[in-house]
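**Q** Got a structure here, written out as structure tokens. Questions coming.
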Amino acid sequence: MEKGASMRGARWRPLCYALLGTAVAMIGRALQRRLFAVEVAGASMTPAFEAGDYVLVTRARPPRGDAATGLVVCVRGPEDRLLLKRIVGIPGDSLRIGDRVFVSGHPLLETYVHGDAPVESFRGVRLLHDDEYVVLGDHRAASTDSRDFGPVRSEQIEGIAWLRYWPPERVGLVRREARRFAPPEG
């Protein structure tokens, strides 16, 4: 009787493996539609990201309102290149970009910024319309961003950076930097 029972189990085993393989393939395909990998190629996002870092990006549009500010997103830039940038301006914001970013006259506190912005990249006040976002690199002097190509629309945002998975010593979730304003001067 034991021999017959083990033979019946042996007949089901290939079917179980086939079902498991199909399930794994379906999950893999679903993840491919939701995630993609980006290699950081330059210095525009240092120190948060270094050249050679690999980041998983979730295919998604930014959330509405302040929840979008501080997110690192992947946008289509000039020449259809993928660029990692941080959202600093959202629809309805009035922005002035200079050595600091001012939102409706209030200086944005950007602890993630590296280096000084060159004077030629300063931009005057601009009111962002519905579905317009300003994205800037953290290393302003080394970044091609909204100062060069203007605000981006949500359809130009390919996704939201989610996880740095390479190099191993820098593996971790990509944090959103909540919008904060510097105390008034004077």
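Chains: A, B, ... in order of the structure tokens. Residues: from 1 per chain. Ligands: from 1, in order shown.
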Quick one: everything within 9 Å of Gly172 in chain A, counting only C-alpha atoms, minus sequence neighbours fewer than 5 positions away in the same chain. Send it as a list in words.

**A**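 Within the cut-off, the hits are Trp162, Leu163, Arg164 and Tyr165 of chain A.
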
**Q** Can you tell me, as a VMD selection string, which residues in range 36-173 of chain A count as strand (DSSP E) by DSSP?

**A** chain A and resid 36 to 39 54 to 58 72 to 76 82 to 89 94 to 97 101 to 103 106 to 107 123 to 127 132 to 136 152 to 153 157 to 166 172 to 173

**Q** Which residues, written as a count of residues only, have at least one atom at most 12 Å from Ile87 in chain A, with only C-alpha atoms counted and residues fewer than 4 positions away on the same chain left out?

**A** 40

**Q** What lies within 12 Å of Met45 in chain A using only C-alpha atoms, ignoring chain neighbours under 5 positions off, as number ranges by chain?

**A** A: 40, 50-53, 72-74, 83-86, 112-115, 135-145

**Q** Nearest residue to Pro78 in chain A out of A:Thr111, A:Gln156, A:Thr58, A:Ser94, using only C-alpha atoms?

**A**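 With only C-alpha atoms as the atom set, the closest residue is A:Gln156.
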
**Q** When you draw a straight line from CA of Arg59 in chain A to CA of Pro167 in chain A, how long is it in Å?

**A** 22.2 Å

**Q** Just to confirm, what's the straight-line distance from CA of Leu95 in chain A to CA of Arg126 in chain A in Å (one decimal)?

**A** 5.2 Å

**Q** In range 27-131 of chain A, what's alpha helix (DSSP H) per DSSP? Answer as a ChimeraX atom specification?

**A** /A:27-34

**Q** Give the answer as one residue: which of A:Pro47, A:Gly42, A:Gly98, A:Arg123 has the shortest atom-to-atom distance to Phe149 in chain A, using only C-alpha atoms?

**A**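 Going through A:Pro47, A:Gly42, A:Gly98, A:Arg123 one by one, the smallest distance to Phe149 in chain A is for A:Arg123.
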
**Q** From the options A:Glu120, A:Asp148, A:Arg13, A:Val88, which residue's atoms come nearest to Pro107 in chain A, counting only C-alpha atoms?

**A**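 Ranked by minimum distance to Pro107 in chain A, first place goes to A:Val88.
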